[in-house]
file data_33.cif (mmCIF, C-alpha atoms)
data_query
loop_
_atom_site.label_atom_id
_atom_site.label_comp_id
_atom_site.auth_asym_id
_atom_site.auth_seq_id
_atom_site.Cartn_x
_atom_site.Cartn_y
_atom_site.Cartn_z
CA MET B 1 -12.22 3.84 22.70
CA LEU B 2 -10.44 6.93 21.35
CA LEU B 3 -9.18 7.09 17.75
CA LEU B 4 -6.67 9.86 16.99
CA GLU B 5 -6.26 10.96 13.37
CA LYS B 6 -3.62 13.40 12.18
CA LYS B 7 -5.83 15.17 9.64
CA TRP B 8 -9.50 15.54 8.73
CA GLU B 9 -12.34 13.83 6.93
CA LEU B 10 -12.33 14.05 3.16
CA PRO B 11 -14.88 16.30 1.41
CA SER B 12 -17.90 14.75 -0.30
CA ASP B 13 -18.22 17.42 -2.98
CA GLY B 14 -16.77 15.25 -5.76
CA SER B 15 -13.27 16.71 -5.59
CA THR B 16 -11.81 13.34 -4.54
CA LEU B 17 -12.82 12.01 -7.99
CA ASP B 18 -11.40 14.95 -9.92
CA VAL B 19 -8.29 13.99 -11.93
CA ALA B 20 -6.82 17.48 -11.88
CA GLN B 21 -7.11 17.91 -8.10
CA VAL B 22 -6.18 14.35 -7.12
CA ILE B 23 -3.46 13.48 -9.64
CA TYR B 24 -1.97 16.64 -11.11
CA GLU B 25 -2.34 19.05 -8.20
CA GLY B 26 -1.92 16.41 -5.47
CA ARG B 27 -4.39 18.30 -3.30
CA PHE B 28 -5.01 15.43 -0.90
CA LYS B 29 -1.44 14.18 -0.50
CA ALA B 30 0.75 14.95 2.49
CA ARG B 31 3.44 17.60 2.06
CA GLU B 32 6.10 16.17 4.34
CA THR B 33 9.73 16.50 3.31
CA TRP B 34 11.96 13.47 3.87
CA LEU B 35 15.56 12.56 3.05
CA ASP B 36 16.51 9.51 0.99
CA GLY B 37 19.59 7.34 1.55
CA ARG B 38 21.79 9.99 -0.10
CA ARG B 39 20.23 12.73 2.01
CA ARG B 40 18.33 14.22 -0.92
CA ASN B 41 14.90 15.74 -0.33
CA PHE B 42 11.75 13.98 -1.52
CA ALA B 43 8.09 13.80 -0.52
CA PRO B 44 6.51 10.36 0.10
CA GLU B 45 3.08 9.96 -1.48
CA GLU B 46 1.23 9.69 1.83
CA HIS B 47 -2.38 10.54 2.71
CA PHE B 48 -3.41 11.85 6.12
CA ASN B 49 -7.19 11.70 6.52
CA VAL B 50 -9.86 9.74 8.34
CA GLY B 51 -9.70 6.25 6.84
CA GLY B 52 -6.04 6.68 5.87
CA LYS B 53 -4.75 5.09 2.71
CA THR B 54 -7.79 2.85 2.45
CA LYS B 55 -9.72 5.81 1.03
CA TRP B 56 -7.31 5.83 -1.91
CA TYR B 57 -6.26 2.21 -2.38
CA GLY B 58 -7.13 0.16 -5.45
CA ALA B 59 -9.69 -2.04 -3.63
CA ALA B 60 -7.82 -5.27 -4.46
CA VAL B 61 -8.01 -7.52 -1.39
CA LEU B 62 -6.13 -10.83 -1.48
CA ARG B 63 -5.21 -13.39 1.14
CA TYR B 64 -1.68 -14.63 1.76
CA SER B 65 -1.21 -18.27 0.83
CA PRO B 66 -0.07 -20.63 3.63
CA HIS B 67 3.49 -20.82 2.25
CA GLU B 68 3.80 -17.04 2.36
CA PHE B 69 4.02 -17.12 6.15
CA GLU B 70 7.20 -19.21 5.92
CA ALA B 71 10.76 -17.95 5.52
CA ASP B 72 12.23 -17.71 2.02
CA PRO B 73 15.97 -17.10 2.60
CA ASP B 74 16.87 -17.08 -1.10
CA HIS B 75 14.58 -14.10 -1.61
CA GLN B 76 15.44 -12.50 1.77
CA CYS B 77 11.91 -12.97 3.11
CA LEU B 78 11.48 -13.41 6.86
CA ALA B 79 9.11 -15.88 8.51
CA TRP B 80 6.00 -14.86 10.39
CA PRO B 81 5.59 -16.08 13.98
CA ILE B 82 2.01 -17.04 13.05
CA GLY B 83 0.55 -19.08 10.20
CA TYR B 84 -2.33 -18.99 7.77
CA ARG B 85 -4.66 -20.91 10.09
CA ASP B 86 -4.15 -18.29 12.79
CA LEU B 87 -5.47 -15.58 10.47
CA GLU B 88 -8.03 -17.58 8.53
CA PRO B 89 -11.06 -16.67 10.71
CA TYR B 90 -10.03 -13.01 10.57
CA TYR B 91 -9.70 -13.20 6.78
CA ASP B 92 -13.25 -14.55 6.66
CA GLU B 93 -14.57 -11.73 8.83
CA ALA B 94 -12.63 -9.01 7.00
CA GLU B 95 -13.90 -10.16 3.61
CA ARG B 96 -17.44 -10.17 4.93
CA LEU B 97 -17.14 -6.68 6.37
CA LEU B 98 -15.46 -5.33 3.25
CA GLY B 99 -17.96 -6.97 0.91
CA VAL B 100 -15.23 -8.60 -1.18
CA ARG B 101 -16.49 -10.02 -4.47
CA LEU B 102 -15.42 -10.95 -7.98
CA PHE B 103 -16.39 -9.02 -11.10
CA PRO B 104 -16.38 -10.51 -14.62
CA ALA B 105 -13.48 -9.57 -16.85
CA GLU B 106 -14.55 -7.06 -19.51
CA ALA B 107 -14.10 -7.46 -23.25
CA ASN B 108 -10.82 -5.60 -23.78
CA LEU B 109 -9.05 -7.23 -20.83
CA THR B 110 -10.35 -10.67 -21.81
CA SER B 111 -8.82 -10.26 -25.27
CA ILE B 112 -5.51 -8.96 -23.92
CA ALA B 113 -5.30 -11.74 -21.33
CA ARG B 114 -5.98 -14.44 -23.91
CA ARG B 115 -3.03 -13.28 -25.98
CA ILE B 116 -0.72 -12.88 -22.99
CA ARG B 117 -1.57 -16.44 -21.92
CA HIS B 118 -0.26 -17.72 -25.24
CA ARG B 119 0.83 -21.37 -25.27
CA ASN B 120 3.99 -21.97 -23.20
CA SER B 121 4.12 -18.32 -22.12
CA GLY B 122 4.05 -19.24 -18.41
CA TRP B 123 1.28 -16.74 -17.69
CA LYS B 124 -2.04 -17.49 -16.04
CA THR B 125 -4.82 -15.26 -14.75
CA GLU B 126 -7.18 -15.45 -11.79
CA PRO B 127 -10.15 -13.29 -10.80
CA LEU B 128 -9.07 -10.37 -8.61
CA PRO B 129 -11.12 -9.99 -5.39
CA LEU B 130 -12.33 -6.41 -5.05
CA ALA B 131 -13.83 -4.56 -2.10
CA LEU B 132 -16.37 -2.76 -4.30
CA SER B 133 -20.13 -2.53 -4.16
CA PRO B 134 -21.88 -4.34 -7.05
CA GLU B 135 -23.72 -1.04 -7.62
CA ILE B 136 -20.52 0.61 -8.82
CA ILE B 137 -21.12 -0.62 -12.36
CA ASN B 138 -24.22 1.59 -12.45
CA HIS B 139 -22.11 4.66 -11.68
CA PRO B 140 -19.52 5.01 -14.46
CA GLU B 141 -17.99 8.12 -12.92
CA GLU B 142 -17.06 6.04 -9.85
CA ALA B 143 -16.27 2.82 -11.72
CA ARG B 144 -13.61 4.71 -13.69
CA ARG B 145 -12.35 6.45 -10.54
CA PHE B 146 -11.93 3.89 -7.75
CA ASP B 147 -8.23 3.08 -8.23
CA ALA B 148 -6.27 5.88 -6.47
CA PHE B 149 -9.43 7.92 -5.82
CA ALA B 150 -11.74 8.23 -2.81
CA SER B 151 -15.34 7.21 -3.44
CA VAL B 152 -18.00 9.87 -2.89
CA LYS B 153 -20.98 7.50 -2.92
CA GLY B 154 -19.37 4.95 -0.60
CA LEU B 155 -19.04 2.32 -3.35
CA LYS B 156 -15.51 1.30 -2.34
CA ALA B 157 -15.02 -0.36 1.05
CA ASP B 158 -12.58 1.62 3.19
CA ALA B 159 -11.69 1.85 6.87
CA GLU B 160 -13.89 4.88 7.51
CA ARG B 161 -17.04 3.51 5.92
CA VAL B 162 -16.67 -0.11 7.07
CA PHE B 163 -15.02 0.15 10.48
CA ILE B 164 -15.57 3.68 11.81
CA ASP B 165 -19.01 4.73 10.57
CA PRO B 166 -20.88 1.82 12.26
CA ILE B 167 -19.58 2.85 15.71
CA ARG B 168 -19.52 6.65 15.41
CA SER B 169 -22.58 7.04 17.60
CA ASP B 170 -21.51 4.54 20.26
CA ALA B 171 -21.19 6.04 23.71
CA ASN B 172 -17.77 4.48 24.29
CA PHE B 173 -16.23 5.69 21.02
CA ARG B 174 -14.67 9.06 20.22
CA LEU B 175 -12.94 10.26 17.05
CA HIS B 176 -10.44 13.09 17.58
CA ILE B 177 -9.25 14.53 14.24
CA GLY B 178 -6.86 17.17 12.96
CA ASP B 179 -4.37 16.64 15.79
CA ALA B 180 -1.36 14.38 15.28
CA VAL B 181 0.25 12.35 18.05
CA ALA B 182 3.55 14.03 18.87
CA GLN B 183 4.83 11.95 21.78
CA LEU B 184 4.29 8.68 23.62
CA ILE B 185 4.33 9.04 27.41
CA PRO B 186 5.72 6.31 29.71
CA ASP B 187 4.17 4.98 32.89
CA ASP B 188 5.78 6.58 35.95
CA SER B 189 6.81 3.23 37.38
CA ASP B 190 7.86 1.40 34.20
CA SER B 191 9.14 3.11 31.06
CA ARG B 192 8.46 -0.06 29.08
CA ARG B 193 4.76 0.65 29.44
CA VAL B 194 3.13 3.50 27.50
CA ASN B 195 0.13 4.93 29.29
CA ALA B 196 -0.53 8.24 27.48
CA VAL B 197 0.06 10.27 24.34
CA VAL B 198 0.48 14.00 23.77
CA THR B 199 -0.72 15.54 20.51
CA GLU B 200 0.73 18.47 18.56
CA SER B 201 -1.89 20.77 20.09
CA GLY B 202 -0.62 19.82 23.55
CA LYS B 203 -3.57 17.65 24.54
CA ARG B 204 -2.82 14.61 26.68
CA PHE B 205 -4.80 11.38 26.46
CA GLU B 206 -4.26 8.59 28.97
CA CYS B 207 -4.97 4.95 28.18
CA ARG B 208 -4.74 1.44 29.49
CA THR B 209 -4.04 -0.02 26.04
CA LEU B 210 -2.42 1.81 23.15
CA ILE B 211 -2.57 0.49 19.60
CA LEU B 212 0.14 2.11 17.51
CA ALA B 213 -1.22 2.04 13.95
CA ALA B 214 0.28 4.99 12.10
CA GLY B 215 1.64 2.94 9.19
CA ALA B 216 5.08 1.61 8.28
CA LEU B 217 6.60 5.08 7.82
CA HIS B 218 5.24 6.85 10.88
CA SER B 219 4.81 4.22 13.61
CA PRO B 220 8.56 3.54 13.81
CA ARG B 221 9.28 7.26 14.06
CA LEU B 222 7.07 7.61 17.13
CA LEU B 223 8.53 4.47 18.67
CA GLN B 224 12.14 5.45 17.95
CA ASN B 225 11.65 8.83 19.60
CA TYR B 226 10.03 7.17 22.61
CA LEU B 227 12.89 4.69 23.00
CA ALA B 228 15.48 7.47 22.77
CA THR B 229 13.66 9.71 25.25
CA THR B 230 13.29 6.95 27.85
CA GLY B 231 16.75 5.46 27.34
CA LEU B 232 15.23 2.14 26.28
CA ASP B 233 17.17 2.35 23.02
CA ARG B 234 20.30 1.51 25.05
CA ARG B 235 18.68 -1.19 27.20
CA LEU B 236 16.47 -3.25 24.91
CA PRO B 237 17.91 -5.40 22.09
CA SER B 238 14.66 -5.03 20.16
CA ALA B 239 15.15 -1.25 19.94
CA ALA B 240 17.76 -1.68 17.21
CA VAL B 241 15.18 -3.40 14.99
CA VAL B 242 12.63 -0.57 15.04
CA GLY B 243 12.39 1.01 11.59
CA ARG B 244 14.52 -1.64 9.89
CA ASN B 245 13.60 -4.17 7.19
CA TYR B 246 11.49 -1.55 5.41
CA LYS B 247 9.79 -2.80 2.24
CA GLN B 248 7.71 -1.12 -0.43
CA HIS B 249 7.90 -3.65 -3.28
CA LEU B 250 9.61 -3.16 -6.62
CA LEU B 251 6.98 -1.48 -8.77
CA THR B 252 6.62 -0.56 -12.42
CA ALA B 253 3.71 0.98 -14.31
CA MET B 254 3.34 -0.32 -17.87
CA ILE B 255 1.05 0.93 -20.62
CA GLY B 256 0.04 -0.99 -23.73
CA PHE B 257 -1.31 0.98 -26.70
CA GLY B 258 -3.70 -0.82 -29.03
CA SER B 259 -5.12 0.00 -32.43
CA SER B 260 -8.67 0.55 -31.22
CA PRO B 261 -10.22 2.38 -28.25
CA GLN B 262 -10.26 0.53 -24.92
CA THR B 263 -13.82 0.69 -23.61
CA ASP B 264 -13.61 -1.35 -20.40
CA VAL B 265 -14.85 0.50 -17.31
CA LEU B 266 -13.64 -1.32 -14.18
CA ARG B 267 -10.58 -2.87 -15.87
CA LYS B 268 -9.04 -4.12 -12.63
CA THR B 269 -10.73 -7.55 -12.56
CA LEU B 270 -7.89 -10.07 -13.15
CA ILE B 271 -4.53 -10.74 -11.56
CA PHE B 272 -1.69 -12.05 -13.77
CA LEU B 273 0.78 -14.60 -12.37
CA HIS B 274 3.83 -16.18 -13.99
CA GLU B 275 5.03 -19.67 -13.15
CA LYS B 276 8.71 -18.67 -13.19
CA LEU B 277 8.24 -15.47 -11.18
CA PRO B 278 6.85 -16.67 -7.83
CA HIS B 279 7.25 -13.39 -5.93
CA SER B 280 5.59 -11.23 -8.57
CA SER B 281 2.19 -10.39 -9.98
CA VAL B 282 0.48 -7.92 -12.28
CA GLN B 283 -2.78 -6.06 -11.80
CA PRO B 284 -4.47 -3.96 -14.45
CA LEU B 285 -4.73 -0.32 -13.45
CA GLY B 286 -8.27 0.93 -13.00
CA PHE B 287 -7.35 3.93 -15.17
CA ASP B 288 -9.19 5.33 -18.16
CA GLY B 289 -7.59 7.37 -20.94
CA GLU B 290 -7.49 10.60 -18.96
CA LEU B 291 -5.68 8.93 -16.09
CA ILE B 292 -3.28 6.98 -18.28
CA ALA B 293 -2.29 10.26 -19.89
CA GLY B 294 -0.72 11.16 -16.55
CA LEU B 295 1.71 8.23 -16.89
CA MET B 296 2.98 9.33 -20.30
CA PRO B 297 6.23 11.27 -20.78
CA LYS B 298 5.93 14.79 -19.43
CA LEU B 299 7.21 16.20 -22.71
CA LEU B 300 3.82 15.35 -24.21
CA PRO B 301 1.20 17.97 -23.19
CA ARG B 302 -1.70 16.52 -21.21
CA ARG B 303 -4.34 17.61 -23.72
CA LEU B 304 -2.45 15.71 -26.44
CA ALA B 305 -1.77 12.67 -24.23
CA THR B 306 -5.45 12.13 -23.41
CA ARG B 307 -6.40 11.02 -26.93
CA PRO B 308 -3.81 8.19 -27.26
CA GLY B 309 -4.66 7.32 -23.66
CA GLN B 310 -8.09 6.22 -24.91
CA TYR B 311 -6.31 3.44 -26.83
CA ALA B 312 -4.25 2.33 -23.85
CA TYR B 313 -4.49 -0.21 -21.04
CA GLY B 314 -2.44 0.24 -17.87
CA PHE B 315 -0.80 -2.42 -15.72
CA PHE B 316 0.86 -2.37 -12.31
CA LEU B 317 3.81 -4.75 -11.96
CA GLN B 318 4.85 -5.76 -8.44
CA THR B 319 7.64 -7.87 -6.99
CA GLU B 320 8.14 -8.76 -3.32
CA ASP B 321 11.34 -7.02 -2.27
CA GLY B 322 12.46 -9.11 0.68
CA SER B 323 13.82 -7.74 3.96
CA HIS B 324 17.18 -6.07 4.55
CA PRO B 325 18.04 -4.40 7.88
CA ALA B 326 19.78 -1.49 6.15
CA ASN B 327 16.52 -0.56 4.40
CA ARG B 328 15.03 1.50 7.18
CA VAL B 329 13.05 4.44 8.47
CA ILE B 330 14.99 6.90 10.64
CA ALA B 331 13.08 9.36 12.81
CA GLY B 332 13.89 13.02 12.27
CA THR B 333 14.58 15.76 14.79
CA ASP B 334 13.64 19.42 15.04
CA ALA B 335 16.71 20.19 12.93
CA ARG B 336 16.61 17.26 10.52
CA ALA B 337 13.90 15.69 8.35
CA PRO B 338 13.07 11.99 8.74
CA GLN B 339 14.98 9.66 6.46
CA LEU B 340 13.96 6.70 4.32
CA ASP B 341 17.16 4.82 3.51
CA TYR B 342 16.01 2.26 0.94
CA ASP B 343 18.16 0.82 -1.83
CA PRO B 344 16.84 -2.06 -3.99
CA ARG B 345 20.45 -3.01 -4.82
CA ARG B 346 20.51 -4.63 -1.37
CA LEU B 347 17.94 -7.09 -2.74
CA PRO B 348 19.58 -8.60 -5.85
CA ARG B 349 17.19 -11.57 -6.26
CA ALA B 350 14.17 -9.30 -6.17
CA ARG B 351 15.72 -6.86 -8.66
CA LEU B 352 16.49 -9.70 -11.06
CA GLU B 353 12.97 -11.13 -10.80
CA HIS B 354 11.40 -7.72 -11.35
CA ARG B 355 13.46 -7.11 -14.49
CA ARG B 356 12.29 -10.50 -15.77
CA LEU B 357 8.70 -9.57 -14.91
CA VAL B 358 8.89 -6.33 -16.90
CA ARG B 359 10.35 -8.14 -19.90
CA ALA B 360 7.83 -10.98 -19.72
CA LEU B 361 4.79 -8.70 -19.61
CA GLY B 362 6.25 -6.49 -22.32
CA ARG B 363 6.54 -9.54 -24.59
CA GLY B 364 2.99 -10.56 -23.70
CA LEU B 365 1.59 -7.16 -24.64
CA LEU B 366 3.48 -7.26 -27.91
CA ARG B 367 1.73 -10.57 -28.64
CA ALA B 368 -1.50 -8.68 -27.96
CA ASN B 369 -0.48 -6.25 -30.75
CA MET B 370 0.19 -3.40 -28.32
CA LEU B 371 3.03 -0.91 -28.20
CA VAL B 372 4.60 -0.82 -24.74
CA PHE B 373 5.80 1.99 -22.50
CA SER B 374 6.90 1.47 -18.89
CA ARG B 375 7.97 3.63 -15.97
CA PRO B 376 9.47 2.49 -12.65
CA ILE B 377 7.75 3.76 -9.50
CA PRO B 378 10.28 5.87 -7.53
CA LEU B 379 11.04 5.89 -3.81
CA SER B 380 8.24 8.41 -3.25
CA GLY B 381 5.67 5.78 -4.28
CA THR B 382 4.96 4.49 -0.77
CA ALA B 383 1.48 3.02 -1.30
CA HIS B 384 2.81 -0.42 -0.30
CA ALA B 385 5.04 0.68 2.60
CA CYS B 386 5.45 -2.16 5.11
CA GLY B 387 7.94 -4.14 7.17
CA SER B 388 9.46 -1.54 9.51
CA LEU B 389 8.09 -3.10 12.73
CA VAL B 390 8.82 -6.78 12.27
CA MET B 391 6.76 -9.30 14.24
CA GLY B 392 8.54 -12.12 16.04
CA ASN B 393 9.31 -13.94 19.26
CA ASP B 394 13.02 -13.07 19.45
CA PRO B 395 13.72 -9.50 20.73
CA ALA B 396 17.04 -9.52 18.88
CA SER B 397 15.36 -9.82 15.47
CA SER B 398 11.89 -8.33 16.04
CA VAL B 399 10.26 -5.45 17.91
CA ARG B 400 8.97 -7.76 20.63
CA GLY B 401 9.37 -6.12 24.01
CA CYS B 402 10.13 -2.59 22.74
CA ALA B 403 7.28 -1.12 24.75
CA ARG B 404 4.05 -2.50 26.12
CA THR B 405 1.86 -1.25 23.34
CA ARG B 406 0.13 -3.21 20.63
CA ALA B 407 1.75 -2.44 17.32
CA TRP B 408 -0.10 -2.96 14.05
CA PRO B 409 1.72 -5.88 12.32
CA ALA B 410 4.05 -4.40 9.73
CA GLN B 411 5.84 -7.51 8.49
CA SER B 412 3.65 -7.79 5.41
CA LEU B 413 5.31 -10.61 3.53
CA CYS B 414 3.21 -10.17 0.46
CA ARG B 415 4.87 -12.34 -2.14
CA ARG B 416 2.84 -13.90 -4.86
CA ARG B 417 -0.73 -13.32 -3.74
CA GLN B 418 -0.76 -10.13 -1.71
CA ARG B 419 -0.38 -7.36 -4.26
CA ALA B 420 -2.73 -4.72 -2.94
CA ALA B 421 -1.91 -1.73 -0.81
CA ALA B 422 -2.32 -2.83 2.76
CA LEU B 423 -5.15 -1.54 4.93
CA GLU B 424 -3.48 0.80 7.39
CA PRO B 425 -5.78 2.37 9.97
CA ARG B 426 -4.11 5.48 11.28
#
call {"tool": "encode", "arguments": {"input": "data_33.cif", "output": "structure tokens"}}
result
Amino acid sequence: MLLLEKKWELPSDGSTLDVAQVIYEGRFKARETWLDGRRRNFAPEEHFNVGGKTKWYGAAVLRYSPHEFEADPDHQCLAWPIGYRDLEPYYDEAERLLGVRLFPAEANLTSIARRIRHRNSGWKTEPLPLALSPEIINHPEEARRFDAFASVKGLKADAERVFIDPIRSDANFRLHIGDAVAQLIPDDSDSRRVNAVVTESGKRFECRTLILAAGALHSPRLLQNYLATTGLDRRLPSAAVVGRNYKQHLLTAMIGFGSSPQTDVLRKTLIFLHEKLPHSSVQPLGFDGELIAGLMPKLLPRRLATRPGQYAYGFFLQTEDGSHPANRVIAGTDARAPQLDYDPRRLPRARLEHRRLVRALGRGLLRANMLVFSRPIPLSGTAHACGSLVMGNDPASSVRGCARTRAWPAQSLCRRRQRAAALEPR
């Protein structure tokens, strides 16, 4: 087995827990320039490193409910060609490997939640499964820095630590890093079969089975270029689906300011659900005062924002955005940057539900005697990128038959339960 990774392993010197380097300087983020739907430049918040986004995700790991595999036409959600029972044994194994567990809600969050769940409010809370070591509570510097940071002590389960490290020394495994895949190479006798890749350094690797797992932004780019080069884009109906139905959820960060310091450490231990908002959920941010300061208006200097941040609790509001074929990833060329044409106005039901979600949580925090500030997450916030390689049995509406590779499922209908950044091995 050969695993190709575009960039390198992260350092273990503590820099991946440093707020200045991770948040303000963006040292570990990719620097790719893309175009949006209006052809304006922007940089997606992507991470290229061994372990991919799982090094940086918020460690929340939830299962889809059985109904989430079914179509929901009113909300523009597509059906999966598989069901919950098909994935159930894999859920069990993944949770075991990741060490998923529940942590008790801390004092501040318990108080806030009790007020939000006021009689007839429609809100309820459930424990949030986290892929964290129980030892993390004995390391405050890591407990306050697991959400959007890479663990130095290995206290957050990620793809490198859980899936790669146990097989590093195996004779039939090789990890090739710092060399991105540039091109997929067809079999001489059948262009529908990929039998090799060429990297940016010019190295060629042949294979009997290729698993394309570069994430919802980058896998379709490689596949689109392959289809165009081989002429399959004109011969296969499934080629037109590649890159389409892109989703990244409608996201808002909200901060509630209380009258006393917020002393919780983990914070991210409950998920908030509303009975009238079935495609939405809320997670607390695992951010302390220093991190919350980064979400405040830029007019307020950071050194001044840190103090009120100590009185604040952060929340991450998420709404399933449905699928629309015009929301898509378009591969770039040597002369043109790749494009992410995504417009939430194509998803009116999702937009309406998300506005209701923001208002409902804002009212709940006011009941908790907190002042509220919120900020929508822009197009560059691609932590939840999914959907651009839709699974299915019909080549006219899915990527089935595009090429004889195994593509990492990118449908990701995450609706009410799945509110964590997806694990995306690269």
call {"tool": "residues_around", "arguments": {"input": "data_33.cif", "residues": "Ala148 of chain B", "least_positions_apart": "4", "cutoff": "7 Å", "atoms": "all atoms listed in the file", "output": "list in words"}}
result
Trp56, Tyr57 and Gly58 of chain B
call {"tool": "residues_around", "arguments": {"input": "data_33.cif", "residues": "segment 282-293 of chain B", "least_positions_apart": "6", "cutoff": "9 Å", "atoms": "all atoms listed in the file", "output": "count of residues only"}}
result
48
call {"tool": "atom_distance", "arguments": {"input": "data_33.cif", "atom1": "atom CA of Ala113 of chain B", "atom2": "atom CA of Ala368 of chain B"}}
result
8.2 Å
call {"tool": "closest_residue", "arguments": {"input": "data_33.cif", "among": "B:Lys53, B:Arg161, B:Arg400, B:Arg345", "to": "Pro81 of chain B", "atoms": "only C-alpha atoms"}}
result
B:Arg400
call {"tool": "atom_distance", "arguments": {"input": "data_33.cif", "atom1": "atom CA of Arg328 of chain B", "atom2": "atom CA of Thr54 of chain B"}}
result
23.3 Å
call {"tool": "residues_around", "arguments": {"input": "data_33.cif", "residues": "Gly14 of chain B", "least_positions_apart": "5", "cutoff": "12 Å", "atoms": "all atoms listed in the file", "output": "PyMOL selection string"}}
result
chain B and resi 19-22+141-142+145+149-154
call {"tool": "closest_residue", "arguments": {"input": "data_33.cif", "among": "B:Val329, B:Leu2, B:Ile211, B:Val162", "to": "Cys386 of chain B", "atoms": "all atoms listed in the file"}}
result
B:Val329
call {"tool": "atom_distance", "arguments": {"input": "data_33.cif", "atom1": "atom CA of Gly215 of chain B", "atom2": "atom CA of Leu379 of chain B"}}
result
16.3 Å
call {"tool": "closest_atom_pairs", "arguments": {"input": "data_33.cif", "of": "segment 379-398 of chain B", "to": "segment 226-245 of chain B", "cutoff": "12 Å", "atoms": "all atoms listed in the file", "output": "tab-separated table"}}
result
residue	atom	partner	partner_atom	distance
B:Ala385	CA	B:Asn245	CA	10.9
B:Cys386	CA	B:Asn245	CA	8.6
B:Gly387	CA	B:Asn245	CA	5.7
B:Ser388	CA	B:Gly243	CA	4.4
B:Leu389	CA	B:Val242	CA	5.7
B:Val390	CA	B:Asn245	CA	7.4
B:Met391	CA	B:Val241	CA	10.3
B:Gly392	CA	B:Ser238	CA	10.2
B:Asn393	CA	B:Ser238	CA	10.4
B:Asp394	CA	B:Ser238	CA	8.2
B:Pro395	CA	B:Ser238	CA	4.6
B:Ala396	CA	B:Ser238	CA	5.2
B:Ser397	CA	B:Val241	CA	6.4
B:Ser398	CA	B:Ser238	CA	6.0
